[in-house]
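Chemist: Below is one structure. I have some questions about it.
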Amino acid sequence: QVQLVESGGGPVQAGGSLRLSCAASGSIFNINSMGWYRQGPGKQRELVASLTSGGNTNYADSVKGRFTISRDSAKNTLYLQMNSLKPEDTASYYCKAEQGRWVYWGQGTQVTVSA
């Protein structure tokens, strides 16, 4: 079992920045990839950014150049640096970990961007 706990969300004005954190604990060995997803009001959950164990990254077109995914292996923590935030970035942000055939999700953290 892997436990994921997100933090760092909150209200921010358009153009501002936030850094989300996802602390992983439990049986965290052999995690293949981790990522950030978001779900806005009335929308489906969508990929924001992902990072494989080999260091490959993938970003949604809507966040390229504004968001950066990274990790601190010593702290077992995944980050999402979000810059130049827009109102359309408003959503609940979820951390996801894939470990073989197992998939784990955090409880989410809310990001609200005001115009």
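Labeling convention for the structure tokens: chains A, B, ... as they appear, residues from 1 per chain, ligands from 1 in order of appearance.
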Which residues, written as number ranges by chain, have at least one atom at most 12 Å from range 99-103 of chain A, with only C-alpha atoms counted and residues fewer than 5 positions away on the same chain left out?

Modeler: A: 1-4, 27-35, 52-53

Chemist: What lies within 12 Å of Gln13 in chain A using only C-alpha atoms, ignoring chain neighbours under 4 positions off, as a PyMOL selection string?

Modeler: chain A and resi 17-18+83-90+111-115

Chemist: Please report the interatomic distance between CA of Tyr79 in chain A and CA of Gly42 in chain A in Å with one decimal.

Modeler: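 So the answer is 25.5 Å.
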
Chemist: Report, in Å with one decimal, the straight-line distance from CA of Cys95 in chain A to CA of Gln44 in chain A.

Modeler: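 So the two atoms, CA of Cys95 in chain A and CA of Gln44 in chain A, lie 15.2 Å apart.
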
Chemist: Would you pick out the contacts of Gly8 in chain A at 8 Å or less, using only C-alpha atoms, so that residues sharing its chain but fewer than 3 positions from it are not included, and give the list as a list in words?

Modeler: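 The contact residues come out as Leu18, Arg19, Leu20, Ser21 and Thr109 of chain A.
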
Chemist: Just the residues within 6 Å of Arg38 in chain A, please, counting only C-alpha atoms, with nothing from its chain fewer than 4 positions along; format it as a ChimeraX atom specification.

Modeler: /A:45-46,91-94

Chemist: Check the DSSP output for the backbone and give back, as a ChimeraX atom specification, the residues of range 12-100 of chain A in strand (DSSP E or B).

Modeler: /A:12-13,18-26,33-39,46-52,57-59,67-72,77-82,91-99

Chemist: With only C-alpha atoms as the atoms that count, which of A:Ala14, A:Gly108, A:Gln39, A:Cys22 lies nearest to Ser70 in chain A?

Modeler: A:Cys22

Chemist: Could you work out how far CA of Gly106 in chain A lies from CA of Ala23 in chain A, giving the answer in Å with one decimal?

Modeler: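 Taking CA of Ala23 in chain A and CA of Gly106 in chain A, their separation equals 9.2 Å.
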